[in-house]
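Next comes my_file.cif, with mmCIF, N, CA and C atoms.
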data_upload
loop_
_atom_site.label_atom_id
_atom_site.label_comp_id
_atom_site.auth_asym_id
_atom_site.auth_seq_id
_atom_site.Cartn_x
_atom_site.Cartn_y
_atom_site.Cartn_z
N MET H 1 17.19 14.55 -9.19
CA MET H 1 17.36 13.15 -8.84
C MET H 1 16.59 12.32 -9.87
N GLU H 2 17.32 11.49 -10.56
CA GLU H 2 16.73 10.65 -11.60
C GLU H 2 16.07 9.41 -11.00
N GLN H 3 14.90 9.12 -11.48
CA GLN H 3 14.19 7.90 -11.07
C GLN H 3 14.16 6.92 -12.23
N ILE H 4 14.43 5.68 -11.91
CA ILE H 4 14.30 4.61 -12.89
C ILE H 4 13.10 3.78 -12.48
N ILE H 5 12.14 3.68 -13.39
CA ILE H 5 10.91 2.94 -13.11
C ILE H 5 10.98 1.65 -13.91
N ALA H 6 10.82 0.52 -13.20
CA ALA H 6 10.95 -0.78 -13.85
C ALA H 6 9.85 -1.73 -13.39
N GLU H 7 9.69 -2.78 -14.17
CA GLU H 7 8.76 -3.83 -13.78
C GLU H 7 9.31 -4.57 -12.57
N LEU H 8 8.41 -5.18 -11.82
CA LEU H 8 8.81 -5.97 -10.67
C LEU H 8 9.57 -7.21 -11.13
N LYS H 9 10.63 -7.54 -10.42
CA LYS H 9 11.38 -8.76 -10.69
C LYS H 9 10.94 -9.81 -9.66
N GLU H 10 11.37 -11.04 -9.88
CA GLU H 10 10.95 -12.14 -9.00
C GLU H 10 11.18 -11.85 -7.51
N PRO H 11 12.34 -11.34 -7.12
CA PRO H 11 12.52 -11.04 -5.68
C PRO H 11 11.54 -9.97 -5.17
N ASP H 12 11.21 -9.00 -6.03
CA ASP H 12 10.25 -7.96 -5.67
C ASP H 12 8.87 -8.57 -5.46
N LEU H 13 8.49 -9.43 -6.40
CA LEU H 13 7.18 -10.10 -6.30
C LEU H 13 7.09 -10.94 -5.03
N ALA H 14 8.18 -11.65 -4.72
CA ALA H 14 8.21 -12.49 -3.52
C ALA H 14 8.11 -11.64 -2.26
N ASP H 15 8.79 -10.50 -2.24
CA ASP H 15 8.74 -9.60 -1.08
C ASP H 15 7.33 -9.05 -0.88
N LEU H 16 6.70 -8.61 -1.95
CA LEU H 16 5.34 -8.09 -1.84
C LEU H 16 4.38 -9.17 -1.36
N GLU H 17 4.54 -10.37 -1.89
CA GLU H 17 3.65 -11.47 -1.50
C GLU H 17 3.84 -11.84 -0.03
N ALA H 18 5.07 -11.82 0.45
CA ALA H 18 5.33 -12.10 1.86
C ALA H 18 4.67 -11.05 2.75
N LYS H 19 4.70 -9.81 2.33
CA LYS H 19 4.07 -8.73 3.10
C LYS H 19 2.55 -8.87 3.06
N ARG H 20 2.00 -9.23 1.92
CA ARG H 20 0.56 -9.49 1.84
C ARG H 20 0.17 -10.64 2.75
N ASP H 21 0.97 -11.69 2.73
CA ASP H 21 0.68 -12.87 3.56
C ASP H 21 0.61 -12.51 5.03
N TRP H 22 1.53 -11.66 5.49
CA TRP H 22 1.52 -11.30 6.90
C TRP H 22 0.18 -10.67 7.27
N VAL H 23 -0.33 -9.80 6.40
CA VAL H 23 -1.62 -9.15 6.67
C VAL H 23 -2.75 -10.15 6.50
N ARG H 24 -2.76 -10.84 5.39
CA ARG H 24 -3.83 -11.79 5.06
C ARG H 24 -4.00 -12.84 6.15
N ASN H 25 -2.90 -13.25 6.77
CA ASN H 25 -2.95 -14.29 7.79
C ASN H 25 -3.58 -13.83 9.11
N HIS H 26 -3.99 -12.58 9.18
CA HIS H 26 -4.76 -12.13 10.34
C HIS H 26 -6.20 -12.65 10.26
N TYR H 27 -6.62 -13.01 9.07
CA TYR H 27 -7.93 -13.65 8.92
C TYR H 27 -7.84 -15.09 9.42
N GLU H 28 -8.93 -15.58 9.98
CA GLU H 28 -8.99 -17.00 10.29
C GLU H 28 -8.99 -17.74 8.96
N HIS H 29 -8.50 -18.98 8.98
CA HIS H 29 -8.30 -19.74 7.74
C HIS H 29 -9.54 -19.75 6.85
N HIS H 30 -10.70 -19.96 7.44
CA HIS H 30 -11.93 -20.04 6.64
C HIS H 30 -12.37 -18.70 6.05
N ALA H 31 -11.74 -17.59 6.49
CA ALA H 31 -12.16 -16.26 6.02
C ALA H 31 -11.11 -15.58 5.14
N VAL H 32 -10.01 -16.26 4.84
CA VAL H 32 -8.92 -15.66 4.07
C VAL H 32 -9.40 -15.13 2.72
N HIS H 33 -10.42 -15.74 2.17
CA HIS H 33 -10.94 -15.30 0.87
C HIS H 33 -11.40 -13.84 0.89
N LYS H 34 -11.70 -13.30 2.06
CA LYS H 34 -12.16 -11.91 2.16
C LYS H 34 -11.09 -10.91 1.72
N TYR H 35 -9.83 -11.35 1.74
CA TYR H 35 -8.73 -10.46 1.32
C TYR H 35 -8.87 -10.06 -0.15
N ALA H 36 -9.51 -10.88 -0.95
CA ALA H 36 -9.66 -10.58 -2.37
C ALA H 36 -10.57 -9.38 -2.62
N ASP H 37 -11.42 -9.09 -1.66
CA ASP H 37 -12.41 -8.02 -1.77
C ASP H 37 -11.81 -6.69 -1.29
N LEU H 38 -12.09 -5.60 -1.97
CA LEU H 38 -11.60 -4.29 -1.57
C LEU H 38 -12.00 -3.98 -0.13
N GLN H 39 -13.26 -4.16 0.19
CA GLN H 39 -13.74 -3.88 1.54
C GLN H 39 -13.06 -4.80 2.55
N GLY H 40 -12.78 -6.03 2.16
CA GLY H 40 -12.09 -6.96 3.04
C GLY H 40 -10.70 -6.48 3.40
N LYS H 41 -9.98 -5.96 2.41
CA LYS H 41 -8.63 -5.43 2.66
C LYS H 41 -8.70 -4.24 3.62
N LEU H 42 -9.56 -3.29 3.30
CA LEU H 42 -9.64 -2.07 4.11
C LEU H 42 -10.13 -2.37 5.53
N SER H 43 -11.10 -3.24 5.65
CA SER H 43 -11.61 -3.59 6.99
C SER H 43 -10.55 -4.31 7.81
N LEU H 44 -9.77 -5.17 7.17
CA LEU H 44 -8.70 -5.87 7.89
C LEU H 44 -7.64 -4.88 8.36
N LEU H 45 -7.23 -3.97 7.49
CA LEU H 45 -6.27 -2.95 7.89
C LEU H 45 -6.80 -2.14 9.07
N ASP H 46 -8.06 -1.75 8.98
CA ASP H 46 -8.68 -0.98 10.04
C ASP H 46 -8.67 -1.76 11.35
N ALA H 47 -9.00 -3.04 11.30
CA ALA H 47 -9.02 -3.88 12.50
C ALA H 47 -7.63 -3.99 13.12
N ILE H 48 -6.62 -4.21 12.30
CA ILE H 48 -5.25 -4.35 12.81
C ILE H 48 -4.81 -3.06 13.50
N LEU H 49 -5.09 -1.92 12.88
CA LEU H 49 -4.69 -0.64 13.47
C LEU H 49 -5.54 -0.29 14.68
N SER H 50 -6.84 -0.46 14.58
CA SER H 50 -7.75 -0.10 15.68
C SER H 50 -7.50 -0.92 16.94
N ASN H 51 -7.12 -2.16 16.75
CA ASN H 51 -6.88 -3.04 17.88
C ASN H 51 -5.45 -2.94 18.42
N GLY H 52 -4.62 -2.13 17.80
CA GLY H 52 -3.25 -1.95 18.27
C GLY H 52 -2.38 -3.18 18.14
N TRP H 53 -2.64 -3.99 17.11
CA TRP H 53 -1.87 -5.22 16.92
C TRP H 53 -0.47 -4.97 16.39
N VAL H 54 -0.20 -3.73 15.98
CA VAL H 54 1.12 -3.33 15.51
C VAL H 54 1.44 -2.01 16.19
N ASN H 55 2.66 -1.88 16.69
CA ASN H 55 3.02 -0.61 17.31
C ASN H 55 4.00 0.17 16.44
N ALA H 56 4.27 1.39 16.83
CA ALA H 56 5.05 2.32 16.01
C ALA H 56 6.49 1.86 15.76
N GLU H 57 7.01 0.96 16.60
CA GLU H 57 8.38 0.49 16.42
C GLU H 57 8.49 -0.67 15.43
N GLU H 58 7.36 -1.20 15.00
CA GLU H 58 7.36 -2.37 14.12
C GLU H 58 7.22 -1.94 12.66
N THR H 59 8.27 -1.29 12.17
CA THR H 59 8.25 -0.70 10.83
C THR H 59 7.94 -1.72 9.74
N LEU H 60 8.55 -2.89 9.80
CA LEU H 60 8.30 -3.89 8.76
C LEU H 60 6.82 -4.29 8.72
N LYS H 61 6.23 -4.52 9.88
CA LYS H 61 4.81 -4.88 9.92
C LYS H 61 3.94 -3.73 9.41
N LEU H 62 4.32 -2.52 9.76
CA LEU H 62 3.57 -1.36 9.27
C LEU H 62 3.69 -1.24 7.75
N GLN H 63 4.86 -1.59 7.22
CA GLN H 63 5.03 -1.56 5.77
C GLN H 63 4.22 -2.68 5.11
N CYS H 64 4.03 -3.79 5.80
CA CYS H 64 3.14 -4.84 5.29
C CYS H 64 1.73 -4.28 5.12
N LEU H 65 1.30 -3.49 6.11
CA LEU H 65 -0.02 -2.85 6.00
C LEU H 65 -0.05 -1.92 4.79
N GLY H 66 1.05 -1.23 4.55
CA GLY H 66 1.12 -0.33 3.40
C GLY H 66 0.99 -1.05 2.07
N ILE H 67 1.56 -2.24 1.98
CA ILE H 67 1.43 -3.02 0.74
C ILE H 67 -0.01 -3.43 0.52
N THR H 68 -0.69 -3.86 1.57
CA THR H 68 -2.11 -4.19 1.44
C THR H 68 -2.92 -2.95 1.08
N PHE H 69 -2.57 -1.82 1.68
CA PHE H 69 -3.23 -0.56 1.34
C PHE H 69 -3.02 -0.27 -0.15
N GLY H 70 -1.80 -0.50 -0.63
CA GLY H 70 -1.52 -0.32 -2.06
C GLY H 70 -2.32 -1.26 -2.93
N ASP H 71 -2.48 -2.50 -2.46
CA ASP H 71 -3.30 -3.45 -3.22
C ASP H 71 -4.74 -2.94 -3.34
N ALA H 72 -5.24 -2.34 -2.27
CA ALA H 72 -6.60 -1.79 -2.31
C ALA H 72 -6.68 -0.63 -3.31
N LEU H 73 -5.68 0.24 -3.28
CA LEU H 73 -5.65 1.35 -4.25
C LEU H 73 -5.57 0.83 -5.67
N SER H 74 -4.70 -0.15 -5.87
CA SER H 74 -4.54 -0.74 -7.20
C SER H 74 -5.84 -1.35 -7.70
N GLN H 75 -6.50 -2.06 -6.81
CA GLN H 75 -7.75 -2.72 -7.16
C GLN H 75 -8.83 -1.70 -7.52
N HIS H 76 -8.88 -0.61 -6.79
CA HIS H 76 -9.93 0.39 -6.99
C HIS H 76 -9.65 1.34 -8.17
N LEU H 77 -8.37 1.69 -8.35
CA LEU H 77 -8.02 2.71 -9.35
C LEU H 77 -7.36 2.15 -10.60
N GLY H 78 -7.09 0.85 -10.63
CA GLY H 78 -6.45 0.26 -11.80
C GLY H 78 -4.98 0.62 -11.91
N LEU H 79 -4.31 0.75 -10.78
CA LEU H 79 -2.89 1.08 -10.76
C LEU H 79 -2.07 -0.19 -10.89
N SER H 80 -0.80 -0.04 -11.30
CA SER H 80 0.10 -1.19 -11.45
C SER H 80 1.30 -1.03 -10.54
N TRP H 81 1.72 -2.16 -9.93
CA TRP H 81 2.92 -2.15 -9.11
C TRP H 81 4.16 -2.08 -10.01
N VAL H 82 5.10 -1.22 -9.63
CA VAL H 82 6.38 -1.09 -10.30
C VAL H 82 7.46 -0.94 -9.22
N ILE H 83 8.71 -0.93 -9.65
CA ILE H 83 9.82 -0.63 -8.75
C ILE H 83 10.42 0.70 -9.19
N VAL H 84 10.66 1.57 -8.24
CA VAL H 84 11.28 2.86 -8.52
C VAL H 84 12.64 2.88 -7.82
N GLU H 85 13.65 3.15 -8.62
CA GLU H 85 15.01 3.20 -8.09
C GLU H 85 15.54 4.62 -8.27
N ASP H 86 16.11 5.16 -7.19
CA ASP H 86 16.72 6.48 -7.25
C ASP H 86 17.90 6.51 -6.29
N SER H 87 18.41 7.68 -6.03
CA SER H 87 19.60 7.78 -5.17
C SER H 87 19.32 7.34 -3.73
N TYR H 88 18.05 7.25 -3.34
CA TYR H 88 17.68 6.82 -1.99
C TYR H 88 17.51 5.31 -1.87
N GLY H 89 17.39 4.62 -2.99
CA GLY H 89 17.22 3.17 -2.94
C GLY H 89 16.21 2.69 -3.95
N ARG H 90 15.60 1.57 -3.61
CA ARG H 90 14.69 0.86 -4.52
C ARG H 90 13.42 0.53 -3.76
N ASP H 91 12.28 1.04 -4.22
CA ASP H 91 11.03 0.86 -3.50
C ASP H 91 9.89 0.50 -4.44
N PRO H 92 8.94 -0.30 -3.93
CA PRO H 92 7.74 -0.57 -4.73
C PRO H 92 6.87 0.68 -4.75
N ALA H 93 6.22 0.87 -5.87
CA ALA H 93 5.32 2.01 -6.04
C ALA H 93 4.16 1.58 -6.93
N LEU H 94 3.15 2.41 -6.95
CA LEU H 94 2.02 2.19 -7.85
C LEU H 94 2.08 3.25 -8.94
N SER H 95 1.85 2.81 -10.16
CA SER H 95 1.90 3.69 -11.31
C SER H 95 0.53 3.73 -11.99
N LEU H 96 0.13 4.91 -12.39
CA LEU H 96 -1.10 5.07 -13.16
C LEU H 96 -0.69 5.12 -14.63
N THR H 97 -1.01 4.07 -15.34
CA THR H 97 -0.60 3.92 -16.74
C THR H 97 -0.99 5.14 -17.56
N GLY H 98 -0.05 5.58 -18.39
CA GLY H 98 -0.30 6.71 -19.27
C GLY H 98 -0.07 8.05 -18.62
N THR H 99 0.37 8.06 -17.36
CA THR H 99 0.63 9.31 -16.65
C THR H 99 1.99 9.21 -15.96
N THR H 100 2.39 10.30 -15.34
CA THR H 100 3.61 10.30 -14.54
C THR H 100 3.31 10.09 -13.05
N VAL H 101 2.07 9.76 -12.75
CA VAL H 101 1.64 9.61 -11.35
C VAL H 101 2.25 8.35 -10.75
N LEU H 102 2.95 8.54 -9.61
CA LEU H 102 3.51 7.45 -8.82
C LEU H 102 3.06 7.61 -7.38
N ILE H 103 2.73 6.51 -6.74
CA ILE H 103 2.31 6.51 -5.34
C ILE H 103 3.17 5.48 -4.61
N PHE H 104 3.59 5.83 -3.42
CA PHE H 104 4.43 4.94 -2.62
C PHE H 104 3.66 4.51 -1.37
N PRO H 105 2.77 3.54 -1.50
CA PRO H 105 1.89 3.18 -0.39
C PRO H 105 2.58 2.41 0.74
N GLN H 106 3.73 1.81 0.47
CA GLN H 106 4.38 0.99 1.49
C GLN H 106 4.60 1.76 2.80
N THR H 107 4.85 3.06 2.69
CA THR H 107 5.13 3.85 3.90
C THR H 107 4.01 4.81 4.27
N MET H 108 2.90 4.75 3.57
CA MET H 108 1.82 5.70 3.85
C MET H 108 1.23 5.51 5.26
N ILE H 109 1.15 4.28 5.69
CA ILE H 109 0.63 4.01 7.04
C ILE H 109 1.75 4.11 8.06
N SER H 110 2.91 3.52 7.74
CA SER H 110 4.01 3.49 8.72
C SER H 110 4.45 4.89 9.13
N LYS H 111 4.58 5.80 8.20
CA LYS H 111 5.01 7.15 8.54
C LYS H 111 4.03 7.83 9.49
N ARG H 112 2.76 7.62 9.27
CA ARG H 112 1.76 8.23 10.13
C ARG H 112 1.78 7.63 11.54
N VAL H 113 1.81 6.31 11.60
CA VAL H 113 1.84 5.65 12.91
C VAL H 113 3.11 6.01 13.66
N GLU H 114 4.24 6.00 12.98
CA GLU H 114 5.52 6.34 13.62
C GLU H 114 5.54 7.79 14.11
N ASP H 115 4.75 8.66 13.47
CA ASP H 115 4.65 10.06 13.91
C ASP H 115 3.59 10.24 14.99
N GLY H 116 2.98 9.14 15.44
CA GLY H 116 2.00 9.20 16.51
C GLY H 116 0.60 9.57 16.07
N GLU H 117 0.36 9.58 14.77
CA GLU H 117 -0.97 9.91 14.25
C GLU H 117 -1.90 8.70 14.31
N ALA H 118 -3.15 8.96 14.57
CA ALA H 118 -4.16 7.90 14.44
C ALA H 118 -4.48 7.80 12.95
N VAL H 119 -4.57 6.59 12.44
CA VAL H 119 -4.82 6.40 11.01
C VAL H 119 -6.24 5.87 10.82
N ASP H 120 -7.05 6.65 10.12
CA ASP H 120 -8.36 6.19 9.70
C ASP H 120 -8.17 5.66 8.28
N VAL H 121 -8.15 4.34 8.15
CA VAL H 121 -7.85 3.70 6.87
C VAL H 121 -8.80 4.17 5.77
N PHE H 122 -10.07 4.29 6.10
CA PHE H 122 -11.06 4.66 5.09
C PHE H 122 -10.88 6.10 4.63
N ASP H 123 -10.58 7.02 5.58
CA ASP H 123 -10.31 8.41 5.20
C ASP H 123 -9.04 8.51 4.36
N LEU H 124 -8.01 7.79 4.78
CA LEU H 124 -6.76 7.80 4.02
C LEU H 124 -6.98 7.26 2.61
N PHE H 125 -7.74 6.19 2.52
CA PHE H 125 -8.03 5.59 1.21
C PHE H 125 -8.79 6.57 0.32
N ASN H 126 -9.87 7.14 0.86
CA ASN H 126 -10.68 8.08 0.06
C ASN H 126 -9.88 9.31 -0.34
N GLY H 127 -9.07 9.84 0.59
CA GLY H 127 -8.24 11.01 0.28
C GLY H 127 -7.19 10.70 -0.77
N THR H 128 -6.60 9.52 -0.67
CA THR H 128 -5.59 9.12 -1.66
C THR H 128 -6.21 8.94 -3.03
N CYS H 129 -7.38 8.32 -3.07
CA CYS H 129 -8.07 8.13 -4.36
C CYS H 129 -8.38 9.48 -5.00
N THR H 130 -8.86 10.42 -4.21
CA THR H 130 -9.16 11.76 -4.73
C THR H 130 -7.89 12.42 -5.26
N ALA H 131 -6.79 12.33 -4.49
CA ALA H 131 -5.52 12.95 -4.91
C ALA H 131 -5.00 12.32 -6.19
N VAL H 132 -5.12 11.01 -6.33
CA VAL H 132 -4.66 10.32 -7.54
C VAL H 132 -5.47 10.79 -8.75
N LYS H 133 -6.77 10.87 -8.58
CA LYS H 133 -7.63 11.29 -9.69
C LYS H 133 -7.30 12.72 -10.09
N GLU H 134 -7.06 13.59 -9.11
CA GLU H 134 -6.70 14.97 -9.42
C GLU H 134 -5.34 15.04 -10.12
N ALA H 135 -4.36 14.27 -9.60
CA ALA H 135 -3.04 14.26 -10.22
C ALA H 135 -3.10 13.71 -11.63
N ALA H 136 -3.92 12.71 -11.85
CA ALA H 136 -4.06 12.13 -13.18
C ALA H 136 -4.59 13.16 -14.17
N GLY H 137 -5.54 13.97 -13.70
CA GLY H 137 -6.09 15.02 -14.55
C GLY H 137 -5.06 16.07 -14.90
N ASN H 138 -4.16 16.34 -13.96
CA ASN H 138 -3.11 17.35 -14.19
C ASN H 138 -1.92 16.78 -14.95
N SER H 139 -1.83 15.46 -15.00
CA SER H 139 -0.69 14.80 -15.62
C SER H 139 -0.93 14.52 -17.10
N ALA H 140 -2.15 14.66 -17.54
CA ALA H 140 -2.50 14.30 -18.92
C ALA H 140 -1.87 15.23 -19.93
#
Rewritten as structure tokens:
Amino acid sequence: MEQIIAELKEPDLADLEAKRDWVRNHYEHHAVHKYADLQGKLSLLDAILSNGWVNAEETLKLQCLGITFGDALSQHLGLSWVIVEDSYGRDPALSLTGTTVLIFPQTMISKRVEDGEAVDVFDLFNGTCTAVKEAAGNSA
């Protein structure tokens, strides 16, 4: 299955921003600036999941959480958002420049929640960071 990796286009950027906004707007207006911080993103995701503000049937909202999770990974690991198109469709992904490493964070949380798993955002983040670093070493 061939994958085409491309830069984000305007509709892609708008979609990602709308998903970020849904998550970011869980902050009270005076605290929205916390979203810029890595810890702010992860803590907000943790609060949304821990408090049950999204249920397993709300796939779009869960994917919004995945985009914010991807933003945290990007911020911490220096990854870039791209679009990957294949026979299954077109999805946002994170790319590690200079490697073949691709990560699809949009569904990392939704798949787990939909499968009835409890998601520890911090464990998932740390595990994903470790896996990316290992894959990057093997991809060189």
Where does DSSP see helix (DSSP H, G or I) in region 59-117 of chain H, if you list the residues as a list in words?
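Residues meeting the helix (DSSP H, G or I) criterion: Thr59, Leu60, Lys61, Leu62, Gln63, Cys64, Leu65, Gly66, Ile67, Thr68, Phe69, Gly70, Asp71, Ala72, Leu73, Ser74, Gln75, His76, Leu77, Pro105, Gln106, Thr107, Met108, Ile109, Ser110, Lys111, Arg112, Val113 and Glu114 of chain H.
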Given only N, CA and C atoms as the basis, pick out the residue of H:Val23, H:Leu38, H:Ile83, H:Val32 nearest to Cys64 (chain H).
H:Val23
Which polymer residues have any atom within 8 Å of an atom of Ala56 (chain H), counting all atoms listed in the file, with same-chain residues fewer than 2 positions away left out, as a ChimeraX atom specification?
/H:53-54,58-60,62,110,112-116
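Atom N of Asp46 (chain H) is positioned 27.8 Å from atom C of Ala136 (chain H).
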Residues selected by the PyMOL selection byres (((chain H and resi 119 and name CA) around 10) and name CA), written as a ChimeraX atom specification
/H:45-46,49-50,108-110,112-113,116-118,120-124
List every residue of region 36-100 of chain H that DSSP, applied to the backbone of this structure, assigns to strand (DSSP E), and report them as a PyMOL selection string.
chain H and resi 80-86+89-95
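The spacing separating CA of Asn51 (chain H) from atom C of Arg24 (chain H) amounts to 15.6 Å.
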Nearby residues, (8.4, 7.6, -8.1) file frame, 8 Å, all atoms listed in the file, as a list in words
Gln3, Ile4, Ile5, Ile83, Val84, Glu85, Pro92, Ala93, Leu94, Thr100, Val101, Leu102, Ile103 and Phe104 of chain H
Keeping N, CA and C atoms for every residue in the selection just given, could you write it to a file as a short mmCIF file (atom, residue, chain, number, x, y, z; two decimals), in the coordinates of the input?
data_model
loop_
_atom_site.label_atom_id
_atom_site.label_comp_id
_atom_site.auth_asym_id
_atom_site.auth_seq_id
_atom_site.Cartn_x
_atom_site.Cartn_y
_atom_site.Cartn_z
N GLN H 3 14.90 9.12 -11.48
CA GLN H 3 14.19 7.90 -11.07
C GLN H 3 14.16 6.92 -12.23
N ILE H 4 14.43 5.68 -11.91
CA ILE H 4 14.30 4.61 -12.89
C ILE H 4 13.10 3.78 -12.48
N ILE H 5 12.14 3.68 -13.39
CA ILE H 5 10.91 2.94 -13.11
C ILE H 5 10.98 1.65 -13.91
N ILE H 83 8.71 -0.93 -9.65
CA ILE H 83 9.82 -0.63 -8.75
C ILE H 83 10.42 0.70 -9.19
N VAL H 84 10.66 1.57 -8.24
CA VAL H 84 11.28 2.86 -8.52
C VAL H 84 12.64 2.88 -7.82
N GLU H 85 13.65 3.15 -8.62
CA GLU H 85 15.01 3.20 -8.09
C GLU H 85 15.54 4.62 -8.27
N PRO H 92 8.94 -0.30 -3.93
CA PRO H 92 7.74 -0.57 -4.73
C PRO H 92 6.87 0.68 -4.75
N ALA H 93 6.22 0.87 -5.87
CA ALA H 93 5.32 2.01 -6.04
C ALA H 93 4.16 1.58 -6.93
N LEU H 94 3.15 2.41 -6.95
CA LEU H 94 2.02 2.19 -7.85
C LEU H 94 2.08 3.25 -8.94
N THR H 100 2.39 10.30 -15.34
CA THR H 100 3.61 10.30 -14.54
C THR H 100 3.31 10.09 -13.05
N VAL H 101 2.07 9.76 -12.75
CA VAL H 101 1.64 9.61 -11.35
C VAL H 101 2.25 8.35 -10.75
N LEU H 102 2.95 8.54 -9.61
CA LEU H 102 3.51 7.45 -8.82
C LEU H 102 3.06 7.61 -7.38
N ILE H 103 2.73 6.51 -6.74
CA ILE H 103 2.31 6.51 -5.34
C ILE H 103 3.17 5.48 -4.61
N PHE H 104 3.59 5.83 -3.42
CA PHE H 104 4.43 4.94 -2.62
C PHE H 104 3.66 4.51 -1.37
#
How many Å lie between CA of Ile48 (chain H) and CA of Ala18 (chain H), rounded to one decimal?
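Separation of CA of Ile48 (chain H) and CA of Ala18 (chain H): 17.1 Å.
By chain and then residue number, the residues within 7 Å of Leu8 (chain H) are H:Pro11, H:Asp12, H:Leu13, H:Trp81, H:Val82, H:Ile83, counting all atoms listed in the file and disregarding those fewer than 3 positions away in sequence.
When the PyMOL selection byres ((chain H and resi 69) around 8) is evaluated against the file, it yields Lys41, Leu42, Leu45, Gln63, Cys64, Leu65, Gly66, Ile67, Thr68, Gly70, Asp71, Ala72, Leu73, Ser74, Gln75, Pro105, Gln106, Ile109 and Phe125 of chain H.
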From the options H:Ser87, H:Cys129, H:Leu96, H:Gly137, which residue's atoms come nearest to Met1 (chain H), counting only N, CA and C atoms?
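Nearest to Met1 (chain H): H:Ser87.
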